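> Sending over work-v6.txt (compact mmCIF, C-alpha atoms).
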# COMPACT_ATOMS: atom_id res chain seq x y z
CA MET A 1 32.37 9.84 -7.54
CA GLU A 2 31.14 12.84 -5.54
CA LYS A 3 29.70 12.12 -2.13
CA THR A 4 26.02 13.07 -1.77
CA MET A 5 24.05 13.97 1.33
CA THR A 6 20.65 12.60 2.31
CA LEU A 7 18.11 14.41 4.50
CA VAL A 8 14.75 13.03 5.62
CA LEU A 9 11.94 15.42 6.51
CA LEU A 10 8.94 14.06 8.39
CA ARG A 11 5.81 15.94 9.28
CA HIS A 12 4.36 14.65 12.56
CA GLY A 13 1.49 12.19 12.45
CA GLU A 14 -2.08 13.39 12.76
CA SER A 15 -2.67 15.21 16.06
CA VAL A 16 -5.88 15.23 18.06
CA TRP A 17 -6.49 18.81 16.89
CA ASN A 18 -5.81 17.87 13.26
CA LYS A 19 -8.52 15.28 13.73
CA GLU A 20 -10.89 17.91 15.16
CA ASN A 21 -9.98 20.42 12.39
CA LEU A 22 -8.66 23.05 14.81
CA PHE A 23 -5.92 25.61 14.26
CA THR A 24 -3.03 24.28 16.34
CA GLY A 25 0.13 26.30 15.81
CA TRP A 26 2.23 26.23 18.98
CA THR A 27 -0.51 24.62 21.08
CA ASP A 28 1.12 21.48 22.47
CA VAL A 29 -1.37 18.76 21.59
CA GLU A 30 -0.81 15.02 21.45
CA LEU A 31 -0.89 12.64 18.50
CA SER A 32 -4.17 10.92 17.74
CA GLU A 33 -4.25 7.12 17.56
CA ASP A 34 -4.10 7.41 13.77
CA GLY A 35 -1.12 9.76 14.15
CA GLN A 36 0.72 7.22 16.28
CA MET A 37 0.05 4.60 13.60
CA GLU A 38 1.33 6.97 10.91
CA ALA A 39 4.56 7.47 12.87
CA ALA A 40 5.01 3.71 13.31
CA GLU A 41 4.40 3.14 9.60
CA ALA A 42 6.97 5.82 8.76
CA GLY A 43 9.52 4.15 11.02
CA SER A 44 8.83 0.75 9.48
CA LEU A 45 9.14 2.16 5.97
CA LEU A 46 12.45 3.86 6.73
CA HIS A 47 13.79 0.72 8.41
CA ASN A 48 12.71 -1.62 5.62
CA LEU A 49 14.25 0.63 2.97
CA GLY A 50 17.59 0.64 4.78
CA PHE A 51 17.65 4.22 6.06
CA ASP A 52 19.76 5.05 9.09
CA PHE A 53 20.60 8.28 10.90
CA ASP A 54 23.34 9.80 13.00
CA ILE A 55 21.50 12.79 14.49
CA CYS A 56 17.86 13.82 14.80
CA TYR A 57 16.14 17.19 15.10
CA THR A 58 12.66 18.10 16.23
CA SER A 59 10.67 20.97 17.69
CA TYR A 60 9.50 21.75 21.23
CA LEU A 61 6.02 20.38 20.44
CA LYS A 62 5.08 16.90 21.63
CA ARG A 63 3.32 15.83 18.43
CA ALA A 64 6.65 16.11 16.59
CA ILE A 65 8.71 14.79 19.50
CA HIS A 66 6.48 11.73 19.93
CA THR A 67 6.43 11.09 16.18
CA LEU A 68 10.23 10.98 16.20
CA ASN A 69 10.28 8.81 19.32
CA ILE A 70 7.99 6.25 17.67
CA VAL A 71 10.05 6.25 14.47
CA LEU A 72 13.26 5.65 16.42
CA GLU A 73 11.64 2.91 18.49
CA VAL A 74 10.48 1.06 15.38
CA MET A 75 13.93 1.48 13.80
CA ASP A 76 15.68 0.32 17.02
CA ARG A 77 17.50 3.64 17.10
CA GLU A 78 16.25 5.17 20.34
CA TRP A 79 19.86 5.77 21.40
CA LEU A 80 20.43 8.34 18.67
CA PRO A 81 21.01 11.95 19.78
CA VAL A 82 17.93 14.15 19.47
CA ILE A 83 18.17 17.94 19.41
CA LYS A 84 15.04 20.00 20.09
CA SER A 85 14.61 23.59 18.99
CA TRP A 86 11.63 25.94 19.15
CA LYS A 87 12.86 27.30 15.83
CA LEU A 88 11.49 24.13 14.22
CA ASN A 89 8.04 24.72 15.75
CA GLU A 90 4.95 25.01 13.61
CA ARG A 91 3.99 28.47 12.37
CA HIS A 92 2.36 30.35 15.25
CA TYR A 93 -1.29 30.88 14.32
CA GLY A 94 -1.85 33.63 16.86
CA ALA A 95 -5.44 34.25 17.92
CA LEU A 96 -6.69 31.57 15.50
CA GLN A 97 -5.20 28.83 17.70
CA SER A 98 -7.91 26.49 19.10
CA LEU A 99 -10.53 27.75 16.61
CA ASN A 100 -12.28 25.32 14.27
CA LYS A 101 -11.15 25.89 10.69
CA SER A 102 -14.54 25.28 9.09
CA GLU A 103 -16.36 27.48 11.61
CA THR A 104 -13.74 30.19 11.11
CA ALA A 105 -14.31 29.94 7.33
CA GLU A 106 -18.05 30.36 7.88
CA LYS A 107 -17.46 33.44 10.03
CA TYR A 108 -14.76 35.21 8.00
CA GLY A 109 -15.15 33.54 4.59
CA GLU A 110 -13.12 30.80 2.94
CA GLU A 111 -10.99 33.32 1.07
CA GLN A 112 -9.86 35.06 4.26
CA VAL A 113 -9.06 31.77 5.98
CA HIS A 114 -7.14 30.64 2.91
CA ILE A 115 -5.12 33.87 3.09
CA TRP A 116 -4.37 33.30 6.76
CA ARG A 117 -3.37 29.68 6.13
CA ARG A 118 -1.55 29.89 2.83
CA SER A 119 -0.37 33.43 2.15
CA PHE A 120 3.35 34.05 2.30
CA ASP A 121 3.59 37.27 4.28
CA ILE A 122 0.19 37.87 5.94
CA ALA A 123 0.02 36.95 9.64
CA PRO A 124 -3.18 35.83 11.39
CA PRO A 125 -4.75 38.01 14.10
CA LEU A 126 -2.13 38.34 16.86
CA LEU A 127 -2.44 37.21 20.47
CA GLU A 128 -2.50 39.65 23.35
CA PRO A 129 0.64 39.43 25.56
CA ASP A 130 -1.27 38.05 28.57
CA ASP A 131 -3.15 35.38 26.58
CA ALA A 132 -2.57 31.88 27.99
CA ARG A 133 -1.85 30.70 24.42
CA CYS A 134 1.10 33.10 24.18
CA PRO A 135 4.60 31.54 24.43
CA HIS A 136 5.75 34.51 26.51
CA VAL A 137 3.90 33.00 29.50
CA GLN A 138 4.65 29.30 28.84
CA ALA A 139 7.34 27.34 30.68
CA ALA A 140 8.78 25.74 27.54
CA TYR A 141 10.03 29.12 26.35
CA ARG A 142 11.28 30.50 29.67
CA ASP A 143 14.89 30.59 28.44
CA VAL A 144 14.09 32.15 25.05
CA PRO A 145 14.54 35.93 24.78
CA LYS A 146 11.06 37.45 24.90
CA ASP A 147 11.74 39.60 21.85
CA ASP A 148 12.29 36.43 19.80
CA LEU A 149 8.89 34.93 20.61
CA PRO A 150 5.95 35.68 18.30
CA TYR A 151 2.34 36.64 19.00
CA GLY A 152 1.49 35.17 15.60
CA GLU A 153 3.41 34.46 12.38
CA SER A 154 3.16 34.47 8.62
CA LEU A 155 5.04 31.82 6.66
CA LYS A 156 7.65 34.51 5.94
CA ASP A 157 8.12 34.95 9.71
CA THR A 158 8.43 31.18 10.15
CA ILE A 159 11.11 31.03 7.47
CA ALA A 160 13.00 33.86 9.22
CA ARG A 161 13.58 31.63 12.26
CA THR A 162 13.68 28.17 10.66
CA MET A 163 16.15 28.72 7.81
CA PRO A 164 18.91 30.40 9.86
CA TYR A 165 18.66 27.52 12.34
CA PHE A 166 18.99 25.01 9.51
CA GLU A 167 21.93 26.87 7.99
CA THR A 168 23.88 27.26 11.24
CA GLU A 169 23.01 24.03 13.06
CA ILE A 170 21.81 21.31 10.68
CA ARG A 171 23.54 21.95 7.37
CA PRO A 172 27.04 21.77 8.97
CA GLN A 173 26.18 18.35 10.38
CA MET A 174 25.19 17.17 6.91
CA LEU A 175 28.35 18.60 5.37
CA ALA A 176 30.31 16.70 8.02
CA GLY A 177 28.78 13.47 6.75
CA LYS A 178 26.00 13.03 9.31
CA ARG A 179 22.73 11.42 8.21
CA VAL A 180 19.90 13.62 9.46
CA ILE A 181 16.17 13.31 10.06
CA ILE A 182 14.01 16.32 10.97
CA ALA A 183 10.60 15.60 12.50
CA ALA A 184 8.66 18.84 12.51
CA HIS A 185 5.54 20.54 11.15
CA GLY A 186 3.73 21.48 7.99
CA ASN A 187 4.95 25.07 7.87
CA SER A 188 8.44 24.74 9.33
CA LEU A 189 9.03 21.98 6.77
CA ARG A 190 7.47 24.10 4.01
CA ALA A 191 10.06 26.75 4.92
CA LEU A 192 12.83 24.24 4.21
CA VAL A 193 11.16 22.96 1.04
CA MET A 194 10.79 26.52 -0.25
CA ALA A 195 14.52 27.09 0.15
CA PHE A 196 15.62 23.69 -1.18
CA ASP A 197 13.35 23.84 -4.24
CA LYS A 198 13.92 27.58 -4.83
CA LEU A 199 10.18 28.32 -4.80
CA SER A 200 8.55 31.73 -4.84
CA GLY A 201 6.03 32.90 -2.25
CA GLU A 202 3.24 32.12 -4.71
CA GLU A 203 4.59 28.66 -5.48
CA ILE A 204 4.96 27.59 -1.85
CA ALA A 205 1.30 28.47 -1.26
CA GLY A 206 0.36 25.40 -3.32
CA VAL A 207 2.67 23.00 -1.48
CA ASN A 208 0.98 20.63 0.99
CA ILE A 209 3.12 18.32 3.12
CA PRO A 210 1.29 15.17 4.22
CA THR A 211 1.38 13.86 7.79
CA GLY A 212 3.56 10.90 8.64
CA ILE A 213 5.16 10.30 5.23
CA PRO A 214 8.95 10.61 4.95
CA LEU A 215 10.18 13.11 2.37
CA VAL A 216 13.70 12.31 1.19
CA TYR A 217 16.10 14.84 -0.29
CA ARG A 218 19.46 14.00 -1.80
CA PHE A 219 21.94 16.87 -2.21
CA SER A 220 25.20 17.40 -4.05
CA PRO A 221 28.28 18.61 -2.09
CA GLU A 222 27.32 22.11 -3.30
CA PHE A 223 23.89 21.59 -1.71
CA GLU A 224 21.99 21.40 -4.98
CA VAL A 225 18.96 19.10 -4.93
CA LEU A 226 19.69 15.92 -6.88
CA GLU A 227 16.57 14.01 -5.88
CA LYS A 228 13.33 14.57 -3.98
CA ARG A 229 10.81 11.84 -3.26
CA TYR A 230 8.15 10.77 -0.82
CA LEU A 231 8.41 7.21 0.41
CA GLY A 232 5.47 4.87 0.10
CA ASP A 233 2.43 4.58 -2.14
CA ALA A 234 2.00 7.54 -4.51
CA ASP A 235 -1.81 7.49 -4.30
CA ALA A 236 -1.69 7.53 -0.49
CA VAL A 237 0.68 10.50 -0.58
CA LYS A 238 -1.62 12.37 -2.96
CA ALA A 239 -4.69 11.66 -0.79
CA LYS A 240 -2.94 12.95 2.33
CA MET A 241 -1.81 16.08 0.52
CA GLN A 242 -5.40 16.77 -0.48
CA LYS A 243 -6.55 16.22 3.10
CA VAL A 244 -4.07 18.87 4.26
CA ALA A 245 -5.27 21.29 1.57
CA ASP A 246 -9.00 21.04 2.36
CA PRO A 247 -9.56 21.86 6.09
CA GLY A 248 -10.11 25.60 5.65
CA LYS A 249 -13.40 25.14 3.80
CA ALA A 250 -16.74 26.03 5.31
CA GLU A 251 -19.05 23.10 5.94
CA ALA A 252 -21.52 22.49 3.10
Represent the structure from my file as C-alpha cells, please.


Amino acid sequence: MEKTMTLVLLRHGESVWNKENLFTGWTDVELSEDGQMEAAEAGSLLHNLGFDFDICYTSYLKRAIHTLNIVLEVMDREWLPVIKSWKLNERHYGALQSLNKSETAEKYGEEQVHIWRRSFDIAPPLLEPDDARCPHVQAAYRDVPKDDLPYGESLKDTIARTMPYFETEIRPQMLAGKRVIIAAHGNSLRALVMAFDKLSGEEIAGVNIPTGIPLVYRFSPEFEVLEKRYLGDADAVKAKMQKVADPGKAEA
C-alpha cells in the first residue's frame, strides 16, 4: 500500500480588524476574543480526531502565530518546532490597509473593491516607500532584502513568494514523512489551494477560506490530491465562507 501524506492548512482565527471590517494585509493585529475561541476549537477538533504533527509553519504576523500557539497548547504539543516565514504572510493590501471595506466600497464602488480583493493579477493602490505601513521600514523585515518586499500585492504576486517557499521548504519535509500544519492567511492559503487543486485565476477568485477551521489535504507520493476536507460541521463551514465573501459590500 502506497504511503500518503497529510497536510493541514489553518487560516488564523478572526482578528480585531476582521471584526471591524478593515483591510489588514501585513498590518500586525491581534486575534479578537472570538478568534482566540476559534483557534481553541480548531485545536480541540484536531486533537479529538487524532491528528498529530512533527513540524509547524506560520507567518511573521501575530494573528497566525497566536492561532498556532493556541492550537498547540490545546493539543499539548507546544514543544513542536515552529518555523516562521514572511513568505507565508497575508497578501499585502498596499494603501488599502487600515481602510474600512464597506466605506471603501461606498467611495470606489463595490465592483472596484471586489477587483482589488478577488482579482488574480490586479494589485491594490501601492504604498509610498516612507509610509509607516510599509514593510521596508518595519523591524520584522530588517533582514529581508529590500527588493523582495512589496508595496502592495495581487494574488499572483502572493503566489510568486508563497509557492516557491512551499516547494523548497515544506514539501521536502512532507516527502520525508513529516506531518505538517501551516497556520497562515486567507490569501497565502488560497495560493496553496490554487496549486493543489489546479485552479485557474478565475476559479480561485470564487474560493473563500474560513477562519479557524482546519482544511485537510491528503496527497499521493506523486503529490496528487487524494482527499480534501474541512473538519467540523458543514453548515458552520459554509456560513464562515459566506462571511469571508461578503465584507467588500457597501452598507445598505

> Residues near Tyr165 (chain A), anyone? I mean within 10 Å using all atoms listed in the file, not counting same-chain ones fewer than 6 positions away, as a PyMOL selection string.

chain A and resi 85-88+159+171

> Nearest to Ala39 (chain A): which of A:Thr158, A:Asn21, A:Asn69, A:Ser220 is it, counting all atoms listed in the file?

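Answer, going by the shortest atom-to-atom distance: A:Asn69.
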
> By how many Å are CA of Ser44 (chain A) and CA of Tyr230 (chain A) apart?

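Interatomic distance here is 14.4 Å.
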
> Using only C-alpha atoms, which residue out of A:Ala191, A:Leu99, A:Ile55, A:Ile65 lies closest to Pro172 (chain A)?

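Smallest distance to Pro172 (chain A) is found for A:Ile55.
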
> Can you list, as a list of chain:residue names, every protein, DNA or RNA residue that comes within 10 Å of Leu46 (chain A) when you count all atoms listed in the file, leaving out same-chain residues fewer than 4 positions away?

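Counting all atoms listed in the file, the residues come to A:Val8, A:Ala40, A:Glu41, A:Ala42, A:Gly50, A:Phe51, A:Asp52, A:Val71, A:Leu72, A:Val74, A:Met75, A:Ile213, A:Pro214, A:Leu231, A:Gly232.
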
> Could you check which of A:Gly13, A:Pro129, A:Gly201, A:Pro81 is closest to Asp34 (chain A), using only C-alpha atoms?

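Using only C-alpha atoms, the shortest distance to Asp34 (chain A) belongs to A:Gly13.
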
> Residues near Leu68 (chain A), anyone? I mean within 10 Å using all atoms listed in the file, not counting same-chain ones fewer than 2 positions away, as a PyMOL selection string.

chain A and resi 10-13+39-40+42-43+56-58+62-66+70-74+78+82+181-184

> For Phe196 (chain A), list every protein, DNA or RNA residue within 10 Å, evaluated using only C-alpha atoms, and leave out those in the same chain fewer than 2 positions away; present the list as a list in words.

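Using only C-alpha atoms, the neighbours found are Arg190, Ala191, Leu192, Val193, Met194, Lys198, Leu199, Tyr217, Phe219, Phe223, Glu224, Val225 and Lys228 of chain A.
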
> Kindly indicate which residue among A:Leu126, A:Ala139, A:Leu49, A:Val180 lies nearest to Leu80 (chain A), using only C-alpha atoms for the distances.

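Checking each of A:Leu126, A:Ala139, A:Leu49, A:Val180 against Leu80 (chain A), counting only C-alpha atoms, the winner is A:Val180.
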
> For a quick check of understanding, using all atoms listed in the file, which of A:Met5, A:Gln97, A:Thr67, A:Asn89 has the smallest distance to Tyr141 (chain A)?

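With all atoms listed in the file as the atom set, the closest residue is A:Asn89.
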
> CA of His114 (chain A) to CA of Ala245 (chain A): how many Å, to one decimal?

9.6 Å

> Can you work out the spacing between CA of Asn208 (chain A) and CA of Arg117 (chain A) in Å, to one decimal?

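Atom-to-atom, CA of Asn208 (chain A) to CA of Arg117 (chain A), that is 11.3 Å.
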
> Have a look at A:Val207, A:Val137, A:Leu175, A:Met163 and name the one nearest to Gln242 (chain A); count all atoms listed in the file.

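Checking each candidate against Gln242 (chain A), we get A:Val207 as the closest.
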
> Env of Arg133 (chain A): 10 Å cut, atoms = all atoms listed in the file, seq-sep filter 4 positions within chain, self excluded. Answer as a VMD selection string.

chain A and resid 25 to 28 94 to 95 97 to 98 127 to 129 137 to 138 151

> Grab the residues selected above and save them as a compact mmCIF listing (two decimals), in the frame of the given file with C-alpha atoms.


# COMPACT_ATOMS: atom_id res chain seq x y z
CA GLY A 25 0.13 26.30 15.81
CA TRP A 26 2.23 26.23 18.98
CA THR A 27 -0.51 24.62 21.08
CA ASP A 28 1.12 21.48 22.47
CA GLY A 94 -1.85 33.63 16.86
CA ALA A 95 -5.44 34.25 17.92
CA GLN A 97 -5.20 28.83 17.70
CA SER A 98 -7.91 26.49 19.10
CA LEU A 127 -2.44 37.21 20.47
CA GLU A 128 -2.50 39.65 23.35
CA PRO A 129 0.64 39.43 25.56
CA VAL A 137 3.90 33.00 29.50
CA GLN A 138 4.65 29.30 28.84
CA TYR A 151 2.34 36.64 19.00

> For the structure just given, write the atoms of region 229-244 of chain A, namely all heavy atoms, as a short mmCIF file (atom, residue, chain, number, x, y, z; two decimals), in the first residue's frame.


data_model
loop_
_atom_site.label_atom_id
_atom_site.label_comp_id
_atom_site.auth_asym_id
_atom_site.auth_seq_id
_atom_site.Cartn_x
_atom_site.Cartn_y
_atom_site.Cartn_z
N ARG A 229 -10.77 18.03 2.69
CA ARG A 229 -11.97 18.20 3.50
C ARG A 229 -11.73 19.19 4.64
O ARG A 229 -10.63 19.27 5.19
CB ARG A 229 -12.44 16.87 4.09
CG ARG A 229 -11.44 16.21 5.05
CD ARG A 229 -11.88 14.81 5.42
NE ARG A 229 -10.86 14.10 6.17
CZ ARG A 229 -10.90 13.88 7.49
NH1 ARG A 229 -11.94 14.30 8.21
NH2 ARG A 229 -9.92 13.23 8.10
N TYR A 230 -12.77 19.95 4.93
CA TYR A 230 -12.77 20.78 6.13
C TYR A 230 -13.27 19.94 7.30
O TYR A 230 -14.18 19.11 7.14
CB TYR A 230 -13.69 21.99 5.96
CG TYR A 230 -13.09 23.11 5.13
CD1 TYR A 230 -13.45 23.29 3.80
CD2 TYR A 230 -12.19 24.00 5.71
CE1 TYR A 230 -12.90 24.32 3.05
CE2 TYR A 230 -11.64 25.04 4.96
CZ TYR A 230 -12.00 25.19 3.64
OH TYR A 230 -11.46 26.20 2.90
N LEU A 231 -12.68 20.14 8.45
CA LEU A 231 -13.13 19.45 9.65
C LEU A 231 -14.27 20.23 10.31
O LEU A 231 -14.31 21.46 10.25
CB LEU A 231 -11.98 19.30 10.64
CG LEU A 231 -10.72 18.56 10.15
CD1 LEU A 231 -9.71 18.45 11.28
CD2 LEU A 231 -11.08 17.18 9.60
N GLY A 232 -15.18 19.51 10.92
CA GLY A 232 -16.25 20.17 11.64
C GLY A 232 -17.56 20.17 10.88
O GLY A 232 -17.72 19.51 9.84
N ASP A 233 -18.50 20.93 11.39
CA ASP A 233 -19.87 20.99 10.87
C ASP A 233 -19.91 21.67 9.50
O ASP A 233 -19.42 22.80 9.35
CB ASP A 233 -20.76 21.74 11.86
CG ASP A 233 -22.19 21.83 11.37
OD1 ASP A 233 -22.90 20.81 11.43
OD2 ASP A 233 -22.58 22.92 10.91
N ALA A 234 -20.51 21.02 8.52
CA ALA A 234 -20.53 21.54 7.15
C ALA A 234 -21.28 22.87 7.05
O ALA A 234 -20.87 23.77 6.31
CB ALA A 234 -21.17 20.51 6.21
N ASP A 235 -22.36 23.02 7.80
CA ASP A 235 -23.13 24.27 7.76
C ASP A 235 -22.32 25.42 8.35
O ASP A 235 -22.38 26.55 7.85
CB ASP A 235 -24.45 24.11 8.52
CG ASP A 235 -25.44 23.21 7.77
OD1 ASP A 235 -25.31 23.08 6.54
OD2 ASP A 235 -26.34 22.64 8.42
N ALA A 236 -21.57 25.14 9.40
CA ALA A 236 -20.73 26.18 10.01
C ALA A 236 -19.62 26.61 9.06
O ALA A 236 -19.30 27.80 8.96
CB ALA A 236 -20.13 25.66 11.33
N VAL A 237 -19.05 25.65 8.34
CA VAL A 237 -18.02 25.97 7.35
C VAL A 237 -18.60 26.85 6.26
O VAL A 237 -18.00 27.87 5.89
CB VAL A 237 -17.44 24.67 6.74
CG1 VAL A 237 -16.51 25.01 5.58
CG2 VAL A 237 -16.70 23.86 7.79
N LYS A 238 -19.77 26.50 5.77
CA LYS A 238 -20.42 27.27 4.70
C LYS A 238 -20.73 28.69 5.16
O LYS A 238 -20.51 29.66 4.42
CB LYS A 238 -21.70 26.56 4.27
CG LYS A 238 -22.39 27.20 3.08
CD LYS A 238 -23.60 26.39 2.66
CE LYS A 238 -24.29 27.05 1.47
NZ LYS A 238 -25.49 26.25 1.04
N ALA A 239 -21.20 28.84 6.40
CA ALA A 239 -21.54 30.17 6.93
C ALA A 239 -20.28 31.03 7.05
O ALA A 239 -20.32 32.23 6.74
CB ALA A 239 -22.22 30.02 8.29
N LYS A 240 -19.18 30.44 7.48
CA LYS A 240 -17.94 31.21 7.61
C LYS A 240 -17.38 31.59 6.25
O LYS A 240 -16.81 32.67 6.08
CB LYS A 240 -16.91 30.42 8.42
CG LYS A 240 -17.18 30.42 9.92
CD LYS A 240 -15.98 29.91 10.67
CE LYS A 240 -16.18 30.02 12.17
NZ LYS A 240 -14.98 29.64 12.93
N MET A 241 -17.53 30.71 5.27
CA MET A 241 -17.10 31.05 3.92
C MET A 241 -17.88 32.25 3.40
O MET A 241 -17.31 33.15 2.77
CB MET A 241 -17.31 29.86 2.98
CG MET A 241 -16.32 28.74 3.14
SD MET A 241 -16.69 27.40 1.97
CE MET A 241 -15.29 26.31 2.24
N GLN A 242 -19.17 32.27 3.64
CA GLN A 242 -20.01 33.38 3.18
C GLN A 242 -19.62 34.67 3.88
O GLN A 242 -19.61 35.74 3.27
CB GLN A 242 -21.48 33.07 3.42
CG GLN A 242 -22.44 34.05 2.76
CD GLN A 242 -22.27 34.10 1.26
OE1 GLN A 242 -22.21 33.07 0.60
NE2 GLN A 242 -22.15 35.30 0.71
N LYS A 243 -19.28 34.57 5.15
CA LYS A 243 -18.86 35.75 5.91
C LYS A 243 -17.59 36.35 5.32
O LYS A 243 -17.44 37.57 5.23
CB LYS A 243 -18.63 35.36 7.38
CG LYS A 243 -18.30 36.53 8.30
CD LYS A 243 -18.16 36.06 9.74
CE LYS A 243 -17.84 37.22 10.66
NZ LYS A 243 -17.67 36.77 12.07
N VAL A 244 -16.67 35.48 4.88
CA VAL A 244 -15.44 35.95 4.24
C VAL A 244 -15.74 36.61 2.91
O VAL A 244 -15.12 37.61 2.54
CB VAL A 244 -14.47 34.76 4.03
CG1 VAL A 244 -13.27 35.19 3.19
CG2 VAL A 244 -13.99 34.22 5.38
#
